[in-house]
Amino acid sequence: MEKKATSNETEPLTCRKDVSDCNEEDCKENGLLVRTTKPALRLVENGSKVHPSQGDKGEAAQISNGYSGVQSSLPCSGMGEVEDAQCTAPAATTTTTTSTTCGAEGQQQLIELEDRETWSKKIDFLLSVIGYAVDLGNVWRFPYICYQNGGGAFLIPYTIMAIFGGIPLFYMELALGQYHRNGCISIWRKICPIFKGIGFAICVIDLYVASYYNTIMAWAFYYLVSSFTAQLPWTSCTNAWNTGNCTNYFSKDNVSWSLHSISPAEEFYTRQVLQVHRSNGLDDLGGISWQLTLCLLLIFTIVYFSIWKGVKTSGKVVWVTATFPYIILFILLVRGATLPGAWRGVLYYLKPDWQKLLATEVWVDAAAQIFFSLGPGFGVLLAYASYNKFHNNCYQDALVTSTVNCVTSFVSGFVIFTVLGYMAEMRNEDVSEVAKDTGPSLLFITYAEAIANMPASTFFAIIFFLMLLTLGLDSTFAGLEGVITGVLDEFPHVWSKHRELFVLGLTIMCFLGSLATLTFGGAYVVKLFEEYATGPAVLTVVFLEAVAVAWFYGITQFCNDVKEMLGFTPGWYWRVCWAVVSPIFLLFVTCSFLSNPPELRLFDYTYPYWTTVVGYCIGTSSIICIPIYMVYRLIITPGTLKERILKSITPETATEVPFGDIRMNAV
């Protein structure tokens with residue numbers, strides 16, 4: 001909007017002037033709010049929306065929350081009204097009622113109005129989201145679940161679940177974060193305050209993930225350091241950690257593989273890296289491995305200096321951590337395709353078993369895989385999108401990044417199964433016998449063993465474990481950024497100027513929380529946390545999030561927000577998915593998990609029953625934040641029970657309020 005030059009154009013509302021001295025434009029300049037007599041907008045006290053006049057619908061569509069002037073410092077009375085602000089507009093043109101909030105909440109709103117940090121480039125955001133979504137699970141979890149659930153036939157339920165469940169939820173979180181420009185805690189003040197406990201639950205879940213996920217990277221780092229030798233240490237049975245059952249069937253001697261045979265790669269993983277033989281289980285974890293502790297300490301040091309300054313620095317780091325895995329995947333794919341027996345692995349990977357589609361568990365696995373692969377519910381998408389420019393096309397971003405993620409999972413299957421086919425050829429066994437390892441064992445035993453027996457094995461081992469590190473690092477950046485953004489947005493008056501100290505304290509806390517996973521029985525702890533601490537808790541969180549947005553905030557209001565950002569309204573497909581299909585999708589997966597909890601077993605250790613109880617307690621400890629906050633909210637809200645409920649489900653403030661409760665045009 002062009003402004004006419006006047007002598008008093010930039011007088012703030014704090015001026016003591018007569019009505020005749022007030023300006024005739026209402027705009028932002030130099031961070032000061034100035035007055036207008038233009039009747040295009042009717043500004044309502046304590047309203048969450050600005051109502052356009054009938055003749056100015058076009059301009060009203062441009063109202064946004066993206067960029068706001070900084071509110072001038074005004075003295076407050078106990079009732080929260082602005083004192084001595086005597087510059088008022090003529091009543092005949094525009095009625096303006098201005099209020100501000102005193103105390104901590106007012107200070108928080110003032111800080112929110114300052115220019116929010118944004119991504120340096122659009123590609124920084126895309127790479128960060130791709131790096132977050134594409135993690136270690138894409139490499140080991142998808143290939144295993146695919147061949148276990150019908151091979152090529154599994155792609156049908158996987159695609160259906162992606163279209164009607166995963167991608168709509170992914171898009172919803174990006175749109176929420178970009179529009180409201182807040183982290184996972186404070187965003188609920190603008191959506192449905194009674195659900196604010198969801199934000200606290202997300203932060204607890206992210207801390208649980210950080211406590212075990214980075215330990216897996218410490219294992220990869222140990223392998224990486226061990227790879228800088230002429231002969232990889234997991235290729236022979238002559239090491240101090242080997243037992244009499246160690247059998248190297250890749251040796252030149254004629255060796256027979258028996259029922260009790262153990263490969264040197266498996267013994268290196270279990271007896272040298274993890275040292276699980278020195279633990280009797282979860283009730284006797286043993287001591288702490290100092291080697292893994294040093295590896296984890298170095299990883300957290302890298303993480304800290306990558307995220308301590310915000311998205312400006314992490315957005316540059318992901319140029320390496322998000323792109324490097326694709327280069328390595330391509331190299332390993334080409335190498336795997338040239339190995340003898342590779343075709344056997346590919347055939348086993350893709351050969352469809354159509355009967356599997358009639359089994360309910362296949363559809364449950366497909367839904368769970370696409371959900372955990374795209375990763376809504378961890379606060380990361382909300383945090384990353386909140387640093388976007390207001391009119392960024394998050395719809396296009398959602399489609400691009402989710403497609404890249406799914407394609408990466410599919411291609412990773414070829415990388416894994418070409419090597420498994422090679423292993424089956426060397427062992428003279430069926431691929432199903434070779435592909436028994438699941439989870440991290442698939443990478444650290446089966447794939448590591450195959451690499452060790454390739455030409456140029458040292459080179460391929462180094463780049464493979466570097467790839468695992470980079471896959472894990474940007475996911476860790478994202479998870480911690482979800483917590484950091486959530487806490488800093490919720491408590492800006494405490495931490496906004498001390499981000500570096502807060503990030504340091506957070507990384508130290510995560511490191512100390514990981515100590516149990518660094519013990520000799522730490523692998524058992526990792527398995528327990530992986531199955532119980534995140535799975536059902538995240539599903540519950542996103543289910544409640546989808547219900548809160550679609551049924552309390554309102555699907556119509558949400559679609560209007562999207563139109564305000566992007567210029568078009570989401571179609572009926574998105575509306576139906578957000579309001580009905582996605583919540584049912586989440587409820588289906590959650591109920592399936594709870595009705596049939598996994599029976600945990602790792603190596604030769606079968607988890608006792610009491611560990612299942614502990615696992616559910618860990619999972620409940622995060623989502624318990626939601627009902628606790630609901631009760632707390634109803635207690636502190638004044639009025640009758642009905643009034644308390646109505647106030648608690650009504651947004652407290654408009655999004656990015658530029659002055660009190662008034663929303664302004666973005667310029």
# chains A, B, ... in the order shown; residues from 1 in each chain; ligands from 1
call {"tool": "residues_around", "arguments": {"residues": "region 185-192 of chain A", "least_positions_apart": "4", "cutoff": "7 Å", "atoms": "only C-alpha atoms", "output": "MDAnalysis selection string"}}
result
chainID A and resid 180 196 199:200 486 489:490 548 552:553 648:655
call {"tool": "residues_around", "arguments": {"residues": "Leu587 (chain A)", "least_positions_apart": "5", "cutoff": "12 Å", "atoms": "only C-alpha atoms", "output": "CSV table (one decimal) with N, CA and C atoms, in the first residue's frame"}}
result
chain,number,residue,atom,x,y,z
A,165,GLY,N,-3.8,-40.8,4.7
A,165,GLY,CA,-3.4,-40.6,6.1
A,165,GLY,C,-2.1,-39.7,6.3
A,364,VAL,N,-2.1,-52.4,8.9
A,364,VAL,CA,-1.6,-51.7,10.1
A,364,VAL,C,-0.1,-51.4,9.9
A,367,ALA,N,0.2,-48.5,7.5
A,367,ALA,CA,-0.2,-47.2,8.1
A,367,ALA,C,0.9,-46.7,9.1
A,368,ALA,N,1.4,-47.6,9.9
A,368,ALA,CA,2.5,-47.2,10.9
A,368,ALA,C,3.7,-46.8,10.2
A,536,PRO,N,3.0,-45.6,20.5
A,536,PRO,CA,1.6,-45.3,20.9
A,536,PRO,C,1.4,-43.9,21.4
A,538,VAL,N,3.0,-41.0,20.3
A,538,VAL,CA,3.0,-40.1,19.2
A,538,VAL,C,1.7,-40.3,18.4
A,539,LEU,N,1.2,-41.5,18.3
A,539,LEU,CA,-0.1,-41.8,17.6
A,539,LEU,C,-1.2,-41.1,18.3
A,540,THR,N,-1.2,-41.2,19.7
A,540,THR,CA,-2.2,-40.5,20.5
A,540,THR,C,-2.2,-39.0,20.3
A,541,VAL,N,-1.0,-38.5,20.4
A,541,VAL,CA,-0.8,-37.0,20.2
A,541,VAL,C,-1.3,-36.5,18.9
A,542,VAL,N,-1.0,-37.2,17.8
A,542,VAL,CA,-1.4,-36.7,16.5
A,542,VAL,C,-2.9,-36.9,16.3
A,543,PHE,N,-3.4,-37.9,16.9
A,543,PHE,CA,-4.9,-38.1,16.8
A,543,PHE,C,-5.6,-36.9,17.5
A,544,LEU,N,-5.2,-36.6,18.7
A,544,LEU,CA,-5.8,-35.5,19.4
A,544,LEU,C,-5.6,-34.2,18.7
A,546,ALA,N,-5.2,-33.8,15.4
A,546,ALA,CA,-6.1,-33.7,14.3
A,546,ALA,C,-7.6,-33.4,14.7
A,547,VAL,N,-8.0,-34.0,15.8
A,547,VAL,CA,-9.4,-33.7,16.3
A,547,VAL,C,-9.5,-32.3,16.8
A,580,VAL,N,-12.1,-36.4,8.9
A,580,VAL,CA,-12.6,-37.8,9.1
A,580,VAL,C,-11.6,-38.9,8.9
A,581,VAL,N,-11.0,-38.9,7.7
A,581,VAL,CA,-10.1,-40.0,7.3
A,581,VAL,C,-8.9,-40.1,8.2
A,582,SER,N,-8.2,-39.0,8.3
A,582,SER,CA,-6.9,-39.0,9.1
A,582,SER,C,-7.1,-39.4,10.6
A,592,SER,N,-4.9,-50.9,17.1
A,592,SER,CA,-4.2,-52.1,16.6
A,592,SER,C,-3.0,-52.4,17.5
A,593,PHE,N,-2.2,-51.3,17.7
A,593,PHE,CA,-1.0,-51.5,18.5
A,593,PHE,C,-1.3,-51.9,20.0
A,594,LEU,N,-2.3,-51.2,20.6
A,594,LEU,CA,-2.6,-51.5,22.0
A,594,LEU,C,-3.3,-52.9,22.2
A,595,SER,N,-4.0,-53.3,21.2
A,595,SER,CA,-4.7,-54.6,21.3
A,595,SER,C,-3.7,-55.8,21.1
call {"tool": "atom_distance", "arguments": {"atom1": "CA of Ala322 (chain A)", "atom2": "CA of Leu127 (chain A)"}}
result
6.0 Å
call {"tool": "closest_residue", "arguments": {"among": "A:Ile202, A:Ile445, A:Ala153, A:Leu473", "to": "Pro352 (chain A)", "atoms": "only C-alpha atoms"}}
result
A:Ala153
call {"tool": "residues_around", "arguments": {"residues": "Leu232 (chain A)", "least_positions_apart": "2", "cutoff": "9 Å", "atoms": "only C-alpha atoms", "output": "list of chain:residue names"}}
result
A:Ser226, A:Ser227, A:Phe228, A:Thr229, A:Ala230, A:Trp234, A:Thr235, A:Ser236, A:Ala452, A:Ser457, A:Thr458, A:Ala461
call {"tool": "write_last_selection", "arguments": {"atoms": "N, CA, C and O atoms", "output": "mmCIF file, in the first residue's frame"}}
result
data_model
loop_
_atom_site.group_PDB
_atom_site.id
_atom_site.type_symbol
_atom_site.label_atom_id
_atom_site.label_comp_id
_atom_site.auth_asym_id
_atom_site.auth_seq_id
_atom_site.Cartn_x
_atom_site.Cartn_y
_atom_site.Cartn_z
ATOM 1 N N SER A 226 36.344 -47.690 13.304
ATOM 2 C CA SER A 226 36.948 -49.014 13.132
ATOM 3 C C SER A 226 37.203 -49.356 11.667
ATOM 4 O O SER A 226 37.934 -50.317 11.374
ATOM 5 N N SER A 227 36.598 -48.588 10.754
ATOM 6 C CA SER A 227 36.739 -48.888 9.322
ATOM 7 C C SER A 227 38.046 -48.383 8.730
ATOM 8 O O SER A 227 38.397 -48.762 7.606
ATOM 9 N N PHE A 228 38.744 -47.513 9.451
ATOM 10 C CA PHE A 228 39.984 -46.951 8.906
ATOM 11 C C PHE A 228 41.146 -47.925 9.132
ATOM 12 O O PHE A 228 42.141 -47.621 9.783
ATOM 13 N N THR A 229 41.010 -49.114 8.581
ATOM 14 C CA THR A 229 42.061 -50.132 8.637
ATOM 15 C C THR A 229 42.131 -50.831 7.287
ATOM 16 O O THR A 229 41.153 -50.826 6.514
ATOM 17 N N ALA A 230 43.258 -51.453 7.018
ATOM 18 C CA ALA A 230 43.417 -52.173 5.749
ATOM 19 C C ALA A 230 42.469 -53.365 5.692
ATOM 20 O O ALA A 230 41.904 -53.683 4.640
ATOM 21 N N TRP A 234 35.696 -56.891 11.386
ATOM 22 C CA TRP A 234 34.617 -57.876 11.459
ATOM 23 C C TRP A 234 34.675 -58.869 10.298
ATOM 24 O O TRP A 234 33.660 -59.445 9.902
ATOM 25 N N THR A 235 35.879 -59.092 9.763
ATOM 26 C CA THR A 235 36.040 -60.037 8.655
ATOM 27 C C THR A 235 36.727 -61.331 9.070
ATOM 28 O O THR A 235 36.781 -62.271 8.287
ATOM 29 N N SER A 236 37.261 -61.386 10.280
ATOM 30 C CA SER A 236 38.018 -62.573 10.692
ATOM 31 C C SER A 236 37.568 -63.049 12.072
ATOM 32 O O SER A 236 36.898 -62.325 12.808
ATOM 33 N N ALA A 452 32.138 -55.894 3.928
ATOM 34 C CA ALA A 452 33.490 -56.342 4.289
ATOM 35 C C ALA A 452 34.056 -57.324 3.288
ATOM 36 O O ALA A 452 35.291 -57.478 3.193
ATOM 37 N N SER A 457 36.632 -52.835 0.220
ATOM 38 C CA SER A 457 35.700 -52.893 1.343
ATOM 39 C C SER A 457 35.876 -51.717 2.301
ATOM 40 O O SER A 457 34.892 -51.205 2.843
ATOM 41 N N THR A 458 37.112 -51.282 2.523
ATOM 42 C CA THR A 458 37.343 -50.165 3.449
ATOM 43 C C THR A 458 36.642 -48.902 2.968
ATOM 44 O O THR A 458 35.998 -48.194 3.750
ATOM 45 N N ALA A 461 32.860 -49.277 3.386
ATOM 46 C CA ALA A 461 32.485 -49.239 4.804
ATOM 47 C C ALA A 461 32.489 -47.805 5.324
ATOM 48 O O ALA A 461 31.566 -47.387 6.045
#
call {"tool": "residues_around", "arguments": {"residues": "Asp284 (chain A)", "least_positions_apart": "5", "cutoff": "12 Å", "atoms": "only C-alpha atoms", "output": "PyMOL selection string"}}
result
chain A and resi 276-279+516+519-522+524-525
call {"tool": "residues_around", "arguments": {"residues": "Gln355 (chain A)", "least_positions_apart": "6", "cutoff": "12 Å", "atoms": "only C-alpha atoms", "output": "ChimeraX atom specification"}}
result
/A:149-154,362
call {"tool": "write_last_selection", "arguments": {"atoms": "all heavy atoms", "output": "compact mmCIF listing (two decimals), in the first residue's frame"}}
result
# COMPACT_ATOMS: atom_id res chain seq x y z
N ASN A 149 5.62 -58.26 4.39
CA ASN A 149 4.18 -58.08 4.19
C ASN A 149 3.75 -58.18 2.74
O ASN A 149 2.85 -57.47 2.30
CB ASN A 149 3.74 -56.74 4.78
CG ASN A 149 3.81 -56.71 6.28
OD1 ASN A 149 2.99 -57.30 6.98
ND2 ASN A 149 4.81 -56.02 6.80
N GLY A 150 4.40 -59.04 1.99
CA GLY A 150 3.91 -59.31 0.64
C GLY A 150 4.72 -58.72 -0.48
O GLY A 150 4.27 -58.73 -1.64
N GLY A 151 5.91 -58.18 -0.20
CA GLY A 151 6.76 -57.67 -1.26
C GLY A 151 6.10 -56.55 -2.03
O GLY A 151 5.62 -55.56 -1.46
N GLY A 152 6.02 -56.70 -3.35
CA GLY A 152 5.44 -55.67 -4.20
C GLY A 152 3.99 -55.39 -3.86
O GLY A 152 3.50 -54.26 -4.05
N ALA A 153 3.27 -56.39 -3.36
CA ALA A 153 1.87 -56.18 -2.99
C ALA A 153 1.73 -55.18 -1.85
O ALA A 153 0.70 -54.50 -1.73
CB ALA A 153 1.23 -57.52 -2.60
N PHE A 154 2.76 -55.08 -1.01
CA PHE A 154 2.71 -54.16 0.13
C PHE A 154 2.65 -52.71 -0.34
O PHE A 154 2.16 -51.84 0.40
CB PHE A 154 3.95 -54.37 1.00
CG PHE A 154 4.05 -53.43 2.17
CD1 PHE A 154 3.26 -53.59 3.28
CD2 PHE A 154 4.95 -52.36 2.15
CE1 PHE A 154 3.35 -52.72 4.36
CE2 PHE A 154 5.06 -51.49 3.21
CZ PHE A 154 4.25 -51.67 4.33
N VAL A 362 -1.09 -56.35 7.78
CA VAL A 362 -0.36 -55.72 6.67
C VAL A 362 -0.78 -54.26 6.53
O VAL A 362 0.07 -53.37 6.33
CB VAL A 362 -0.63 -56.48 5.35
CG1 VAL A 362 -0.03 -55.73 4.17
CG2 VAL A 362 -0.04 -57.89 5.44
call {"tool": "closest_residue", "arguments": {"among": "A:Tyr616, A:Tyr447, A:Phe477, A:Phe417", "to": "Val317 (chain A)", "atoms": "only C-alpha atoms"}}
result
A:Phe477
call {"tool": "closest_residue", "arguments": {"among": "A:Thr118, A:Thr590, A:Thr243, A:Thr534", "to": "Ser622 (chain A)", "atoms": "only C-alpha atoms"}}
result
A:Thr534
call {"tool": "residues_around", "arguments": {"residues": "region 326-334 of chain A", "least_positions_apart": "3", "cutoff": "6 Å", "atoms": "only C-alpha atoms", "output": "VMD selection string"}}
result
chain A and resid 323 337 415
call {"tool": "residues_around", "arguments": {"residues": "region 141-144 of chain A", "least_positions_apart": "6", "cutoff": "12 Å", "atoms": "only C-alpha atoms", "output": "short mmCIF file (atom, residue, chain, number, x, y, z; two decimals) with N, CA and C atoms, in the first residue's frame"}}
result
data_model
loop_
_atom_site.label_atom_id
_atom_site.label_comp_id
_atom_site.auth_asym_id
_atom_site.auth_seq_id
_atom_site.Cartn_x
_atom_site.Cartn_y
_atom_site.Cartn_z
N VAL A 134 13.67 -38.29 6.15
CA VAL A 134 14.49 -39.42 5.68
C VAL A 134 15.54 -39.72 6.73
N ASP A 135 15.33 -40.80 7.48
CA ASP A 135 16.26 -41.13 8.55
C ASP A 135 16.67 -42.59 8.45
N GLY A 150 4.40 -59.04 1.99
CA GLY A 150 3.91 -59.31 0.64
C GLY A 150 4.72 -58.72 -0.48
N GLY A 151 5.91 -58.18 -0.20
CA GLY A 151 6.76 -57.67 -1.26
C GLY A 151 6.10 -56.55 -2.03
N GLY A 152 6.02 -56.70 -3.35
CA GLY A 152 5.44 -55.67 -4.20
C GLY A 152 3.99 -55.39 -3.86
N PHE A 154 2.76 -55.08 -1.01
CA PHE A 154 2.71 -54.16 0.13
C PHE A 154 2.65 -52.71 -0.34
N LEU A 155 3.13 -52.43 -1.54
CA LEU A 155 3.12 -51.06 -2.04
C LEU A 155 1.70 -50.52 -2.20
N TYR A 158 0.53 -49.38 1.29
CA TYR A 158 1.45 -48.30 1.65
C TYR A 158 1.07 -47.01 0.94
N GLY A 345 17.96 -61.15 -4.53
CA GLY A 345 17.46 -60.25 -3.50
C GLY A 345 16.35 -59.35 -4.01
N VAL A 346 16.51 -58.80 -5.22
CA VAL A 346 15.49 -57.92 -5.78
C VAL A 346 14.19 -58.68 -6.00
N TYR A 348 13.14 -61.28 -4.37
CA TYR A 348 12.53 -61.54 -3.07
C TYR A 348 11.88 -60.28 -2.50
N TYR A 349 12.48 -59.14 -2.79
CA TYR A 349 11.99 -57.85 -2.31
C TYR A 349 10.66 -57.47 -2.94
N LEU A 350 10.52 -57.70 -4.24
CA LEU A 350 9.38 -57.18 -4.99
C LEU A 350 8.35 -58.23 -5.38
N ASP A 365 0.69 -52.31 9.44
CA ASP A 365 2.12 -52.04 9.22
C ASP A 365 2.31 -50.94 8.19
N ALA A 366 1.48 -50.94 7.14
CA ALA A 366 1.58 -49.89 6.12
C ALA A 366 1.27 -48.52 6.70
N ALA A 367 0.20 -48.45 7.51
CA ALA A 367 -0.17 -47.18 8.13
C ALA A 367 0.91 -46.70 9.10
N ALA A 368 1.43 -47.62 9.92
CA ALA A 368 2.46 -47.24 10.88
C ALA A 368 3.74 -46.80 10.17
N GLN A 369 4.10 -47.50 9.09
CA GLN A 369 5.34 -47.16 8.39
C GLN A 369 5.27 -45.77 7.76
N ILE A 370 4.17 -45.46 7.09
CA ILE A 370 4.08 -44.15 6.43
C ILE A 370 3.99 -43.04 7.47
N PHE A 371 3.32 -43.33 8.59
CA PHE A 371 3.19 -42.31 9.63
C PHE A 371 4.54 -41.99 10.25
N PHE A 372 5.27 -43.02 10.69
CA PHE A 372 6.55 -42.78 11.34
C PHE A 372 7.63 -42.33 10.36
N SER A 373 7.43 -42.64 9.09
CA SER A 373 8.39 -42.19 8.08
C SER A 373 8.28 -40.69 7.83
N ASN A 405 10.48 -38.56 0.32
CA ASN A 405 10.65 -39.50 1.44
C ASN A 405 10.21 -40.91 1.05
N CYS A 406 9.04 -41.03 0.43
CA CYS A 406 8.53 -42.36 0.05
C CYS A 406 9.39 -43.01 -1.01
N VAL A 407 9.83 -42.23 -1.99
CA VAL A 407 10.69 -42.78 -3.04
C VAL A 407 12.03 -43.23 -2.46
N THR A 408 12.55 -42.47 -1.50
CA THR A 408 13.81 -42.85 -0.86
C THR A 408 13.68 -44.19 -0.15
N SER A 409 12.57 -44.40 0.55
CA SER A 409 12.33 -45.68 1.22
C SER A 409 12.33 -46.82 0.21
N PHE A 410 11.65 -46.62 -0.90
CA PHE A 410 11.55 -47.66 -1.93
C PHE A 410 12.91 -47.98 -2.53
N VAL A 411 13.67 -46.95 -2.86
CA VAL A 411 15.00 -47.16 -3.46
C VAL A 411 15.95 -47.81 -2.46
N SER A 412 15.83 -47.45 -1.18
CA SER A 412 16.68 -48.06 -0.15
C SER A 412 16.49 -49.56 -0.11
N GLY A 413 15.28 -50.02 -0.43
CA GLY A 413 15.03 -51.46 -0.48
C GLY A 413 15.92 -52.16 -1.49
N PHE A 414 16.12 -51.53 -2.64
CA PHE A 414 17.01 -52.12 -3.65
C PHE A 414 18.46 -52.14 -3.14
N VAL A 415 18.88 -51.08 -2.46
CA VAL A 415 20.24 -51.02 -1.93
C VAL A 415 20.47 -52.16 -0.94
N ILE A 416 19.48 -52.43 -0.09
CA ILE A 416 19.61 -53.48 0.92
C ILE A 416 19.51 -54.87 0.30
N PHE A 417 18.52 -55.10 -0.57
CA PHE A 417 18.24 -56.46 -1.02
C PHE A 417 19.17 -56.94 -2.13
N THR A 418 19.79 -56.04 -2.86
CA THR A 418 20.83 -56.52 -3.79
C THR A 418 21.98 -57.14 -3.00
N LEU A 420 21.64 -58.44 0.12
CA LEU A 420 21.14 -59.67 0.73
C LEU A 420 21.14 -60.82 -0.28
N SER A 432 15.49 -65.60 2.33
CA SER A 432 14.73 -65.50 3.57
C SER A 432 15.56 -65.88 4.79
N VAL A 434 18.84 -65.36 5.04
CA VAL A 434 19.81 -64.28 5.24
C VAL A 434 19.14 -63.04 5.82
N ALA A 435 17.88 -62.82 5.46
CA ALA A 435 17.17 -61.59 5.82
C ALA A 435 16.44 -61.70 7.14
N LYS A 436 16.91 -62.54 8.03
CA LYS A 436 16.26 -62.69 9.33
C LYS A 436 16.51 -61.50 10.25
N ASP A 437 17.67 -60.85 10.10
CA ASP A 437 17.99 -59.71 10.95
C ASP A 437 17.05 -58.56 10.65
N THR A 438 16.62 -57.88 11.71
CA THR A 438 15.74 -56.73 11.56
C THR A 438 16.32 -55.55 12.33
N GLY A 439 15.77 -54.37 12.06
CA GLY A 439 16.20 -53.19 12.78
C GLY A 439 17.67 -52.88 12.55
N PRO A 440 18.35 -52.34 13.56
CA PRO A 440 19.77 -51.99 13.39
C PRO A 440 20.64 -53.18 13.02
N SER A 441 20.26 -54.39 13.43
CA SER A 441 21.08 -55.56 13.10
C SER A 441 21.21 -55.76 11.60
N LEU A 442 20.19 -55.35 10.86
CA LEU A 442 20.24 -55.47 9.40
C LEU A 442 21.38 -54.63 8.84
N LEU A 443 21.65 -53.48 9.47
CA LEU A 443 22.72 -52.60 9.00
C LEU A 443 24.07 -53.00 9.57
#
